[in-house]
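Participant: Sharing coords-v4.txt below, compact mmCIF, C-alpha atoms:
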```txt
# COMPACT_ATOMS: atom_id res chain seq x y z
CA MET A 1 26.97 9.04 -9.58
CA ALA A 2 28.16 11.52 -6.95
CA LEU A 3 27.26 10.67 -3.36
CA PRO A 4 27.08 13.11 -0.42
CA ALA A 5 30.23 13.48 1.66
CA SER A 6 30.35 12.16 5.23
CA LEU A 7 27.85 9.37 4.81
CA PRO A 8 27.58 7.03 7.80
CA ASP A 9 29.66 3.93 7.15
CA ILE A 10 26.72 1.60 6.60
CA LEU A 11 25.00 4.07 4.27
CA ALA A 12 28.18 4.57 2.27
CA GLN A 13 28.51 0.81 1.88
CA ILE A 14 24.86 0.46 0.87
CA ALA A 15 25.11 3.37 -1.57
CA GLN A 16 28.00 1.80 -3.43
CA VAL A 17 26.07 -1.44 -3.77
CA LYS A 18 23.05 0.48 -5.04
CA VAL A 19 25.09 2.22 -7.72
CA GLU A 20 26.16 -1.20 -8.99
CA GLU A 21 22.61 -2.56 -8.77
CA VAL A 22 21.27 0.30 -10.88
CA GLN A 23 23.94 -0.23 -13.51
CA GLN A 24 23.08 -3.93 -13.70
CA ALA A 25 19.35 -3.23 -13.84
CA ARG A 26 19.80 -0.73 -16.67
CA ALA A 27 21.74 -3.37 -18.60
CA ARG A 28 18.86 -5.82 -18.21
CA VAL A 29 16.02 -3.34 -18.85
CA PRO A 30 16.94 -0.01 -20.49
CA LEU A 31 15.61 3.21 -18.98
CA ALA A 32 13.21 3.84 -21.86
CA GLU A 33 11.58 0.45 -21.39
CA MET A 34 11.40 0.86 -17.60
CA ARG A 35 9.76 4.25 -18.09
CA ARG A 36 7.22 2.66 -20.45
CA ARG A 37 6.45 -0.02 -17.85
CA ALA A 38 6.03 2.61 -15.14
CA GLU A 39 3.61 4.63 -17.24
CA ALA A 40 1.61 1.47 -18.03
CA ALA A 41 1.33 0.37 -14.39
CA PRO A 42 -2.03 0.54 -12.58
CA ARG A 43 -2.91 3.91 -11.05
CA PRO A 44 -1.22 4.44 -7.66
CA ARG A 45 -3.25 4.24 -4.48
CA ASP A 46 -3.38 7.40 -2.36
CA TRP A 47 -0.51 7.08 0.10
CA ARG A 48 -0.90 10.47 1.78
CA ALA A 49 -4.65 10.14 2.26
CA ALA A 50 -4.15 6.79 3.99
CA LEU A 51 -1.95 8.48 6.62
CA THR A 52 -4.19 11.45 7.36
CA LYS A 53 -7.21 9.71 8.84
CA PRO A 54 -8.10 10.39 12.51
CA GLY A 55 -5.68 8.94 15.04
CA VAL A 56 -2.15 7.64 14.56
CA GLN A 57 -2.03 5.35 11.54
CA VAL A 58 0.11 2.21 11.41
CA ILE A 59 2.39 1.55 8.43
CA ALA A 60 3.18 -2.14 8.86
CA GLU A 61 6.40 -3.40 7.32
CA VAL A 62 7.28 -6.59 5.48
CA LYS A 63 10.97 -7.46 5.79
CA ALA A 64 13.00 -10.62 6.13
CA ALA A 65 16.20 -9.22 7.64
CA SER A 66 18.10 -6.04 8.51
CA PRO A 67 21.72 -5.08 9.20
CA SER A 68 20.92 -4.37 12.85
CA ALA A 69 18.66 -7.35 13.59
CA GLY A 70 20.02 -9.99 11.21
CA VAL A 71 17.58 -12.55 9.81
CA ILE A 72 14.11 -11.79 11.18
CA HIS A 73 11.89 -14.13 9.19
CA ALA A 74 13.56 -16.89 7.19
CA GLN A 75 10.34 -18.26 5.66
CA LEU A 76 8.70 -14.98 4.71
CA ASN A 77 5.49 -15.03 2.68
CA PRO A 78 5.12 -11.33 1.82
CA GLY A 79 1.54 -11.46 0.57
CA ALA A 80 0.25 -13.46 3.52
CA GLN A 81 2.02 -11.18 5.99
CA ALA A 82 0.52 -8.11 4.35
CA GLN A 83 -2.94 -9.64 4.54
CA ARG A 84 -2.49 -10.14 8.28
CA TYR A 85 -1.61 -6.47 8.62
CA ALA A 86 -4.54 -5.38 6.48
CA ARG A 87 -7.05 -7.45 8.48
CA ALA A 88 -5.74 -5.82 11.67
CA GLY A 89 -6.37 -2.31 10.38
CA ALA A 90 -2.98 -1.12 9.12
CA ALA A 91 -3.23 1.99 6.94
CA ALA A 92 -0.43 1.09 4.53
CA ILE A 93 2.27 -1.51 3.95
CA SER A 94 6.02 -0.89 3.71
CA VAL A 95 8.03 -3.48 1.79
CA LEU A 96 11.81 -3.84 1.91
CA THR A 97 13.06 -4.50 -1.61
CA ASP A 98 16.82 -4.35 -0.97
CA PRO A 99 18.29 -7.84 -1.60
CA THR A 100 21.79 -7.46 -0.17
CA PHE A 101 21.21 -6.03 3.29
CA PHE A 102 17.52 -6.79 3.94
CA HIS A 103 16.94 -10.00 1.93
CA GLY A 104 14.21 -8.16 0.04
CA ASP A 105 13.10 -8.20 -3.57
CA LEU A 106 10.84 -6.24 -5.90
CA ALA A 107 8.90 -9.49 -6.21
CA HIS A 108 7.96 -9.08 -2.54
CA LEU A 109 6.43 -5.70 -3.34
CA GLN A 110 4.55 -7.13 -6.31
CA ALA A 111 3.18 -9.93 -4.13
CA VAL A 112 2.03 -7.47 -1.48
CA ARG A 113 0.43 -5.14 -4.04
CA ALA A 114 -1.54 -8.08 -5.40
CA ALA A 115 -2.57 -9.34 -1.96
CA VAL A 116 -4.01 -6.16 -0.37
CA SER A 117 -5.83 -3.00 -1.36
CA LEU A 118 -3.72 -0.71 0.87
CA PRO A 119 -1.05 1.68 -0.45
CA VAL A 120 2.36 0.02 -0.68
CA LEU A 121 5.66 1.79 0.00
CA ARG A 122 8.87 0.69 -1.68
CA LYS A 123 11.40 0.92 1.14
CA ASP A 124 14.86 0.88 -0.35
CA PHE A 125 17.84 3.16 -0.88
CA LEU A 126 16.90 5.27 -3.88
CA LEU A 127 19.66 7.23 -5.55
CA ASP A 128 18.71 7.29 -9.20
CA PRO A 129 15.58 8.16 -11.21
CA TYR A 130 15.72 4.66 -12.68
CA GLN A 131 14.76 3.25 -9.27
CA VAL A 132 11.69 5.48 -9.12
CA TYR A 133 10.49 4.24 -12.51
CA GLU A 134 11.33 0.71 -11.36
CA ALA A 135 9.23 1.15 -8.22
CA ARG A 136 6.21 2.40 -10.16
CA ALA A 137 6.57 -0.38 -12.73
CA ALA A 138 6.52 -2.94 -9.89
CA GLY A 139 3.32 -1.47 -8.48
CA ALA A 140 4.62 0.76 -5.69
CA ASP A 141 2.29 3.54 -4.55
CA ALA A 142 5.04 5.43 -2.70
CA VAL A 143 8.81 5.45 -2.33
CA LEU A 144 11.23 6.17 0.50
CA LEU A 145 13.73 9.00 0.00
CA ILE A 146 16.50 9.17 2.63
CA VAL A 147 17.83 12.71 2.99
CA ALA A 148 21.20 11.55 4.35
CA LEU A 149 21.74 9.66 1.10
CA LEU A 150 20.91 12.50 -1.31
CA ASP A 151 22.22 15.96 -2.05
CA ASP A 152 19.66 18.76 -2.35
CA ALA A 153 19.45 18.69 -6.15
CA ARG A 154 18.94 14.94 -6.32
CA LEU A 155 16.36 15.04 -3.52
CA ARG A 156 14.33 17.66 -5.39
CA ASP A 157 14.65 15.74 -8.65
CA LEU A 158 13.47 12.46 -7.15
CA LEU A 159 10.57 14.19 -5.39
CA ALA A 160 9.53 15.83 -8.64
CA LEU A 161 9.75 12.61 -10.62
CA SER A 162 7.77 10.71 -7.98
CA ARG A 163 4.98 13.28 -8.15
CA GLU A 164 5.03 13.22 -11.94
CA LEU A 165 4.40 9.47 -11.80
CA GLY A 166 1.69 9.84 -9.14
CA LEU A 167 3.82 8.24 -6.43
CA GLY A 168 3.67 9.31 -2.82
CA THR A 169 6.90 9.79 -0.91
CA LEU A 170 8.23 9.27 2.60
CA VAL A 171 11.14 11.66 3.06
CA GLU A 172 13.27 10.37 5.92
CA VAL A 173 15.40 12.46 8.29
CA HIS A 174 17.32 11.91 11.51
CA THR A 175 18.64 15.37 12.40
CA GLU A 176 17.39 18.95 12.49
CA ALA A 177 19.62 19.84 9.53
CA GLU A 178 18.13 17.01 7.47
CA LEU A 179 14.65 18.12 8.52
CA GLU A 180 15.32 21.61 7.21
CA ARG A 181 16.62 20.19 3.92
CA ALA A 182 13.58 17.94 3.52
CA LEU A 183 11.15 20.79 4.10
CA ALA A 184 13.06 23.09 1.73
CA ALA A 185 12.81 20.40 -0.96
CA GLY A 186 9.03 20.27 -0.54
CA ALA A 187 8.46 17.05 1.42
CA ASP A 188 4.78 16.58 2.26
CA VAL A 189 5.16 13.29 4.17
CA LEU A 190 8.14 13.40 6.50
CA GLY A 191 9.54 10.45 8.43
CA VAL A 192 11.78 10.81 11.47
CA ASN A 193 14.05 7.79 11.83
CA ASN A 194 14.79 7.14 15.49
CA ARG A 195 17.72 4.90 14.55
CA ASN A 196 21.19 6.46 14.49
CA LEU A 197 22.75 5.22 11.25
CA HIS A 198 26.25 5.54 12.72
CA THR A 199 25.62 3.39 15.80
CA PHE A 200 22.28 1.64 15.05
CA GLU A 201 21.05 2.79 18.46
CA VAL A 202 17.36 3.66 18.65
CA ASP A 203 16.00 6.56 20.69
CA LEU A 204 12.36 7.66 20.48
CA ARG A 205 13.42 11.06 21.77
CA VAL A 206 14.60 11.85 18.23
CA SER A 207 10.97 11.90 17.10
CA GLU A 208 9.96 13.78 20.23
CA THR A 209 12.51 16.46 19.35
CA LEU A 210 11.95 16.74 15.60
CA LEU A 211 8.27 16.02 14.97
CA PRO A 212 7.03 19.15 16.79
CA ARG A 213 9.20 21.22 14.40
CA VAL A 214 7.37 19.93 11.34
CA PRO A 215 4.90 22.56 10.10
CA ALA A 216 1.17 22.01 9.81
CA GLY A 217 0.14 20.41 6.56
CA VAL A 218 3.10 18.03 6.43
CA VAL A 219 2.31 14.45 7.46
CA ARG A 220 4.56 13.31 10.32
CA VAL A 221 5.73 9.70 10.58
CA ALA A 222 7.79 8.17 13.39
CA GLU A 223 10.08 5.35 12.21
CA SER A 224 12.16 2.73 14.07
CA GLY A 225 11.90 1.70 17.69
CA VAL A 226 8.10 1.67 17.86
CA ALA A 227 7.17 -1.75 19.21
CA THR A 228 4.35 -1.46 21.76
CA PRO A 229 1.01 0.31 22.17
CA GLU A 230 2.72 2.55 24.72
CA ASP A 231 5.26 3.56 22.08
CA VAL A 232 2.44 4.46 19.69
CA ARG A 233 0.78 6.64 22.31
CA ARG A 234 4.14 8.24 23.09
CA MET A 235 4.61 9.10 19.41
CA ALA A 236 1.07 10.47 19.35
CA CYS A 237 2.08 12.85 22.12
CA ALA A 238 5.05 13.93 19.99
CA GLY A 239 2.69 14.83 17.16
CA ALA A 240 3.00 11.78 14.89
CA ASP A 241 0.26 11.19 12.33
CA ALA A 242 1.60 7.69 11.67
CA VAL A 243 4.17 5.17 12.85
CA LEU A 244 6.16 2.73 10.73
CA VAL A 245 6.66 -0.60 12.50
CA GLY A 246 8.70 -3.48 11.12
CA THR A 247 10.80 -5.71 13.35
CA ALA A 248 8.32 -5.93 16.22
CA LEU A 249 5.54 -7.10 13.90
CA MET A 250 7.75 -9.46 11.90
CA ARG A 251 8.91 -11.13 15.11
CA ALA A 252 5.47 -11.33 16.71
CA ALA A 253 4.05 -14.80 17.26
CA ASP A 254 0.69 -13.42 16.10
CA PRO A 255 1.39 -10.49 13.72
CA GLU A 256 -2.30 -9.78 13.22
CA ALA A 257 -2.97 -9.42 16.95
CA ALA A 258 0.20 -7.37 17.43
CA THR A 259 -0.80 -5.01 14.62
CA ARG A 260 -4.33 -4.70 15.95
CA ALA A 261 -2.98 -3.66 19.36
CA LEU A 262 -0.91 -0.88 17.75
CA VAL A 263 -3.87 0.26 15.64
CA ARG A 264 -6.07 0.47 18.75
CA ALA A 265 -3.41 2.51 20.53
CA GLY A 266 -3.32 4.84 17.55
CA HIS A 267 -7.05 5.40 17.88
CA VAL A 268 -6.63 6.26 21.57
CA GLY A 269 -3.94 8.81 20.75
CA CYS A 270 -1.77 10.68 23.21
CA SER A 271 -1.61 9.30 26.74
CA PRO A 272 0.59 11.59 28.87
CA GLU A 273 1.34 8.82 31.35
CA THR A 274 3.40 7.09 28.66
CA LEU A 275 5.83 9.99 28.46
CA PRO A 276 9.24 9.66 30.16
CA GLY A 277 8.90 10.71 33.77
CA GLY A 278 5.23 9.80 34.04
CA GLU A 279 2.46 12.35 33.61
CA GLY A 280 2.88 15.49 31.58
```
Before we go any further, please render this structure as structure tokens.

Facilitator:
Amino acid sequence: MALPASLPDILAQIAQVKVEEVQQARARVPLAEMRRRAEAAPRPRDWRAALTKPGVQVIAEVKAASPSAGVIHAQLNPGAQAQRYARAGAAAISVLTDPTFFHGDLAHLQAVRAAVSLPVLRKDFLLDPYQVYEARAAGADAVLLIVALLDDARLRDLLALSRELGLGTLVEVHTEAELERALAAGADVLGVNNRNLHTFEVDLRVSETLLPRVPAGVVRVAESGVATPEDVRRMACAGADAVLVGTALMRAADPEAATRALVRAGHVGCSPETLPGGEG
């Protein structure tokens, strides 16, 4: 499988692991069988509709660890965590399924899908159509597609396959060039990752720069670095329709209360006093 040139170091490392994972998965369950399982899975829930309600919607994430934060939650109960998010008013749930770098598992996604009625996003590093079938077979309602990880042809192919299976997508970008590629490929839900994948530094100004350039009709999601109600209102001012929040909620002493605070901020919307420099 050909990978794009000039991948950030961590992405290049992850991509190589993913290639091996797909090969191993195909050996266990052939593509034809995985496709059959995907087609037999329950009908997907409407990911895009969940993110287009009034206000800024909260996509709450279930993850046990990350390369930047290390182990976040050693005794993770994915279903119970998702239920806390759902009770607090989250619009959708993101589930890390990568085992090597995030301590995730497709079983986590299956547990979440069974525990809540919200749309569930498979957040992983998808390179191959097999992984899209695998996601649908496991009950995912949407999948993450990272533009930096895919060339234009593969991005279009994975978008097309996802739509064929009824899956929503979150097409993730970090730069203006990636944004242009995502829009050219037909992304209808676009996520701006505020984390620099070279340095792991987080800067909400990335969303403030890129989200206003997303055309009307495309759902805009701010990812990474959103931790407080003030951050949610700041992303509202940048034009976000939704925010994806993981580490802050996983580390919260009371995840339900923390989620509810973000949901309330999303209902308030843009507060200019939260912008850098004060008002305006």

Participant: As a ChimeraX atom specification, please: the residues near A:Gln131 (cut-off 10 Å, all atoms listed in the file, same-chain neighbours under 4 positions excluded).

Facilitator: /A:18,21-22,25-26,31,34,122,124-127,135-137,143,158

Participant: Dump C-alpha atoms for the selected residues as a PDB file, in the frame of the given file?

Facilitator:
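Written output follows (selection.pdb):
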```pdb
ATOM      1  CA  LYS A  18      23.050   0.480  -5.040  1.00  0.00           C
ATOM      2  CA  GLU A  21      22.610  -2.560  -8.770  1.00  0.00           C
ATOM      3  CA  VAL A  22      21.270   0.300 -10.880  1.00  0.00           C
ATOM      4  CA  ALA A  25      19.350  -3.230 -13.840  1.00  0.00           C
ATOM      5  CA  ARG A  26      19.800  -0.730 -16.670  1.00  0.00           C
ATOM      6  CA  LEU A  31      15.610   3.210 -18.980  1.00  0.00           C
ATOM      7  CA  MET A  34      11.400   0.860 -17.600  1.00  0.00           C
ATOM      8  CA  ARG A 122       8.870   0.690  -1.680  1.00  0.00           C
ATOM      9  CA  ASP A 124      14.860   0.880  -0.350  1.00  0.00           C
ATOM     10  CA  PHE A 125      17.840   3.160  -0.880  1.00  0.00           C
ATOM     11  CA  LEU A 126      16.900   5.270  -3.880  1.00  0.00           C
ATOM     12  CA  LEU A 127      19.660   7.230  -5.550  1.00  0.00           C
ATOM     13  CA  ALA A 135       9.230   1.150  -8.220  1.00  0.00           C
ATOM     14  CA  ARG A 136       6.210   2.400 -10.160  1.00  0.00           C
ATOM     15  CA  ALA A 137       6.570  -0.380 -12.730  1.00  0.00           C
ATOM     16  CA  VAL A 143       8.810   5.450  -2.330  1.00  0.00           C
ATOM     17  CA  LEU A 158      13.470  12.460  -7.150  1.00  0.00           C
TER      18      LEU A 158
END
```

Participant: Figure out the distance between atom CA of A:Gly168 and atom CA of A:Asp151, please, to one decimal in Å.

Facilitator: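 Spanning atom CA of A:Asp151 to atom CA of A:Gly168 is a straight-line distance of 19.7 Å.
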
Participant: Tell me, in Å to one decimal, how far atom CA of A:Gly269 is from atom CA of A:Val232.

Facilitator: 7.8 Å

Participant: Give the answer as one residue: which of A:Val219, A:Val173, A:Val132, A:Ala27 has the shortest atom-to-atom distance to A:Ile146, using only C-alpha atoms?

Facilitator: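 Result for the nearest residue to A:Ile146: A:Val173.
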
Participant: What's around A:Ala185 at 9 Å? Count all atoms listed in the file, leave out sequence neighbours fewer than 5 positions away in its own chain, and write the answer as a JSON list (two decimals) with C-alpha atoms, keeping the file's coordinate frame.

Facilitator:
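Output below, filename part.json:
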```
[["chain", "number", "residue", "atom", "x", "y", "z"],
["A", 152, "ASP", "CA", 19.66, 18.76, -2.35],
["A", 153, "ALA", "CA", 19.45, 18.69, -6.15],
["A", 155, "LEU", "CA", 16.36, 15.04, -3.52],
["A", 156, "ARG", "CA", 14.33, 17.66, -5.39],
["A", 159, "LEU", "CA", 10.57, 14.19, -5.39],
["A", 180, "GLU", "CA", 15.32, 21.61, 7.21]]
```

Participant: Which residue out of A:Ala64, A:Val58, A:Ala148, A:Ala115 has the minimum interatomic distance to A:Ala12 when only C-alpha atoms are used?

Facilitator: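 Checking each of A:Ala64, A:Val58, A:Ala148, A:Ala115 against A:Ala12, counting only C-alpha atoms, the winner is A:Ala148.
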
Participant: When you count only C-alpha atoms, which of these residues is closest to A:Met250: A:Val62, A:Val226, A:Val202, A:Val29?

Facilitator: A:Val62

Participant: Select all residues near (14.9, 7.5, 18.0) (cut-off 9 Å, inclusive, file coordinates), counting only C-alpha atoms, and output them as a JSON list (two decimals) with C-alpha atoms, in the frame of the given file.

Facilitator:
```json
[["chain", "number", "residue", "atom", "x", "y", "z"],
["A", 174, "HIS", "CA", 17.32, 11.91, 11.51],
["A", 192, "VAL", "CA", 11.78, 10.81, 11.47],
["A", 193, "ASN", "CA", 14.05, 7.79, 11.83],
["A", 194, "ASN", "CA", 14.79, 7.14, 15.49],
["A", 195, "ARG", "CA", 17.72, 4.90, 14.55],
["A", 196, "ASN", "CA", 21.19, 6.46, 14.49],
["A", 201, "GLU", "CA", 21.05, 2.79, 18.46],
["A", 202, "VAL", "CA", 17.36, 3.66, 18.65],
["A", 203, "ASP", "CA", 16.00, 6.56, 20.69],
["A", 204, "LEU", "CA", 12.36, 7.66, 20.48],
["A", 205, "ARG", "CA", 13.42, 11.06, 21.77],
["A", 206, "VAL", "CA", 14.60, 11.85, 18.23],
["A", 207, "SER", "CA", 10.97, 11.90, 17.10],
["A", 208, "GLU", "CA", 9.96, 13.78, 20.23],
["A", 222, "ALA", "CA", 7.79, 8.17, 13.39],
["A", 223, "GLU", "CA", 10.08, 5.35, 12.21],
["A", 224, "SER", "CA", 12.16, 2.73, 14.07],
["A", 225, "GLY", "CA", 11.90, 1.70, 17.69],
["A", 226, "VAL", "CA", 8.10, 1.67, 17.86]]
```

Participant: Got a sec to write stretch 175-272 of chain A of the block to a file, C-alpha atoms, as a PDB file, in the first residue's frame?

Facilitator:
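Ended up saving to decode.pdb:
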```
ATOM      1  CA  THR A 175      -3.584  23.033   7.024  1.00  0.00           C
ATOM      2  CA  GLU A 176      -5.142  25.150   4.281  1.00  0.00           C
ATOM      3  CA  ALA A 177      -3.768  22.788   1.623  1.00  0.00           C
ATOM      4  CA  GLU A 178      -5.400  19.804   3.346  1.00  0.00           C
ATOM      5  CA  LEU A 179      -8.636  21.776   3.631  1.00  0.00           C
ATOM      6  CA  GLU A 180      -8.657  22.380  -0.110  1.00  0.00           C
ATOM      7  CA  ARG A 181      -8.018  18.683  -0.767  1.00  0.00           C
ATOM      8  CA  ALA A 182     -10.814  17.628   1.582  1.00  0.00           C
ATOM      9  CA  LEU A 183     -13.328  19.955  -0.060  1.00  0.00           C
ATOM     10  CA  ALA A 184     -12.270  18.859  -3.552  1.00  0.00           C
ATOM     11  CA  ALA A 185     -12.862  15.239  -2.525  1.00  0.00           C
ATOM     12  CA  GLY A 186     -16.404  16.082  -1.424  1.00  0.00           C
ATOM     13  CA  ALA A 187     -16.165  16.154   2.379  1.00  0.00           C
ATOM     14  CA  ASP A 188     -19.477  17.165   3.951  1.00  0.00           C
ATOM     15  CA  VAL A 189     -18.330  17.012   7.597  1.00  0.00           C
ATOM     16  CA  LEU A 190     -14.909  18.592   8.010  1.00  0.00           C
ATOM     17  CA  GLY A 191     -12.809  18.490  11.161  1.00  0.00           C
ATOM     18  CA  VAL A 192      -9.968  20.902  11.861  1.00  0.00           C
ATOM     19  CA  ASN A 193      -7.375  19.314  14.134  1.00  0.00           C
ATOM     20  CA  ASN A 194      -5.739  21.950  16.309  1.00  0.00           C
ATOM     21  CA  ARG A 195      -2.894  19.562  17.143  1.00  0.00           C
ATOM     22  CA  ASN A 196       0.288  19.813  15.072  1.00  0.00           C
ATOM     23  CA  LEU A 197       1.163  16.204  14.235  1.00  0.00           C
ATOM     24  CA  HIS A 198       4.863  17.092  13.944  1.00  0.00           C
ATOM     25  CA  THR A 199       5.191  18.670  17.397  1.00  0.00           C
ATOM     26  CA  PHE A 200       1.965  17.627  19.209  1.00  0.00           C
ATOM     27  CA  GLU A 201       1.458  21.280  20.144  1.00  0.00           C
ATOM     28  CA  VAL A 202      -2.164  22.434  20.267  1.00  0.00           C
ATOM     29  CA  ASP A 203      -3.301  25.857  19.076  1.00  0.00           C
ATOM     30  CA  LEU A 204      -6.981  26.787  18.791  1.00  0.00           C
ATOM     31  CA  ARG A 205      -6.013  29.474  16.308  1.00  0.00           C
ATOM     32  CA  VAL A 206      -5.772  26.724  13.683  1.00  0.00           C
ATOM     33  CA  SER A 207      -9.552  26.335  13.841  1.00  0.00           C
ATOM     34  CA  GLU A 208      -9.991  30.092  13.967  1.00  0.00           C
ATOM     35  CA  THR A 209      -8.011  30.363  10.734  1.00  0.00           C
ATOM     36  CA  LEU A 210      -9.454  27.427   8.796  1.00  0.00           C
ATOM     37  CA  LEU A 211     -13.086  27.070   9.871  1.00  0.00           C
ATOM     38  CA  PRO A 212     -14.184  30.409   8.353  1.00  0.00           C
ATOM     39  CA  ARG A 213     -12.849  29.144   4.987  1.00  0.00           C
ATOM     40  CA  VAL A 214     -15.204  26.166   4.976  1.00  0.00           C
ATOM     41  CA  PRO A 215     -18.157  26.846   2.649  1.00  0.00           C
ATOM     42  CA  ALA A 216     -21.769  26.874   3.754  1.00  0.00           C
ATOM     43  CA  GLY A 217     -23.359  23.453   3.743  1.00  0.00           C
ATOM     44  CA  VAL A 218     -20.278  21.680   5.087  1.00  0.00           C
ATOM     45  CA  VAL A 219     -20.435  20.807   8.792  1.00  0.00           C
ATOM     46  CA  ARG A 220     -17.473  22.296  10.685  1.00  0.00           C
ATOM     47  CA  VAL A 221     -15.910  20.472  13.632  1.00  0.00           C
ATOM     48  CA  ALA A 222     -13.101  21.747  15.874  1.00  0.00           C
ATOM     49  CA  GLU A 223     -10.880  18.957  17.215  1.00  0.00           C
ATOM     50  CA  SER A 224      -8.161  18.859  19.910  1.00  0.00           C
ATOM     51  CA  GLY A 225      -7.462  21.418  22.599  1.00  0.00           C
ATOM     52  CA  VAL A 226     -11.097  22.105  23.494  1.00  0.00           C
ATOM     53  CA  ALA A 227     -11.327  21.614  27.249  1.00  0.00           C
ATOM     54  CA  THR A 228     -13.489  24.325  28.826  1.00  0.00           C
ATOM     55  CA  PRO A 229     -16.801  26.083  28.212  1.00  0.00           C
ATOM     56  CA  GLU A 230     -14.785  29.133  27.196  1.00  0.00           C
ATOM     57  CA  ASP A 231     -13.050  27.055  24.529  1.00  0.00           C
ATOM     58  CA  VAL A 232     -16.429  25.928  23.194  1.00  0.00           C
ATOM     59  CA  ARG A 233     -17.650  29.509  22.947  1.00  0.00           C
ATOM     60  CA  ARG A 234     -14.383  30.498  21.277  1.00  0.00           C
ATOM     61  CA  MET A 235     -14.878  27.769  18.663  1.00  0.00           C
ATOM     62  CA  ALA A 236     -18.457  28.952  18.196  1.00  0.00           C
ATOM     63  CA  CYS A 237     -17.073  32.375  17.312  1.00  0.00           C
ATOM     64  CA  ALA A 238     -14.809  30.698  14.748  1.00  0.00           C
ATOM     65  CA  GLY A 239     -17.842  29.122  13.102  1.00  0.00           C
ATOM     66  CA  ALA A 240     -17.760  25.586  14.530  1.00  0.00           C
ATOM     67  CA  ASP A 241     -20.945  23.529  14.357  1.00  0.00           C
ATOM     68  CA  ALA A 242     -19.439  20.957  16.727  1.00  0.00           C
ATOM     69  CA  VAL A 243     -16.418  20.271  18.905  1.00  0.00           C
ATOM     70  CA  LEU A 244     -14.744  16.931  19.539  1.00  0.00           C
ATOM     71  CA  VAL A 245     -13.502  16.624  23.116  1.00  0.00           C
ATOM     72  CA  GLY A 246     -11.551  13.669  24.473  1.00  0.00           C
ATOM     73  CA  THR A 247      -8.768  14.084  27.011  1.00  0.00           C
ATOM     74  CA  ALA A 248     -10.483  16.756  29.106  1.00  0.00           C
ATOM     75  CA  LEU A 249     -13.587  14.602  29.552  1.00  0.00           C
ATOM     76  CA  MET A 250     -11.673  11.371  30.126  1.00  0.00           C
ATOM     77  CA  ARG A 251      -9.627  13.043  32.869  1.00  0.00           C
ATOM     78  CA  ALA A 252     -12.567  14.798  34.524  1.00  0.00           C
ATOM     79  CA  ALA A 253     -13.449  13.673  38.039  1.00  0.00           C
ATOM     80  CA  ASP A 254     -17.111  13.907  36.995  1.00  0.00           C
ATOM     81  CA  PRO A 255     -17.290  13.308  33.205  1.00  0.00           C
ATOM     82  CA  GLU A 256     -21.049  13.809  33.128  1.00  0.00           C
ATOM     83  CA  ALA A 257     -20.861  17.229  34.773  1.00  0.00           C
ATOM     84  CA  ALA A 258     -17.904  18.230  32.605  1.00  0.00           C
ATOM     85  CA  THR A 259     -19.765  17.229  29.446  1.00  0.00           C
ATOM     86  CA  ARG A 260     -22.899  19.037  30.557  1.00  0.00           C
ATOM     87  CA  ALA A 261     -20.910  22.245  31.043  1.00  0.00           C
ATOM     88  CA  LEU A 262     -19.573  22.025  27.480  1.00  0.00           C
ATOM     89  CA  VAL A 263     -23.041  21.268  26.101  1.00  0.00           C
ATOM     90  CA  ARG A 264     -24.462  24.323  27.882  1.00  0.00           C
ATOM     91  CA  ALA A 265     -21.686  26.494  26.463  1.00  0.00           C
ATOM     92  CA  GLY A 266     -22.541  25.171  23.018  1.00  0.00           C
ATOM     93  CA  HIS A 267     -26.126  26.290  23.476  1.00  0.00           C
ATOM     94  CA  VAL A 268     -24.943  29.778  24.454  1.00  0.00           C
ATOM     95  CA  GLY A 269     -22.804  30.011  21.329  1.00  0.00           C
ATOM     96  CA  CYS A 270     -20.327  32.735  20.485  1.00  0.00           C
ATOM     97  CA  SER A 271     -19.207  34.969  23.341  1.00  0.00           C
ATOM     98  CA  PRO A 272     -16.813  37.622  21.969  1.00  0.00           C
TER      99      PRO A 272
END
```
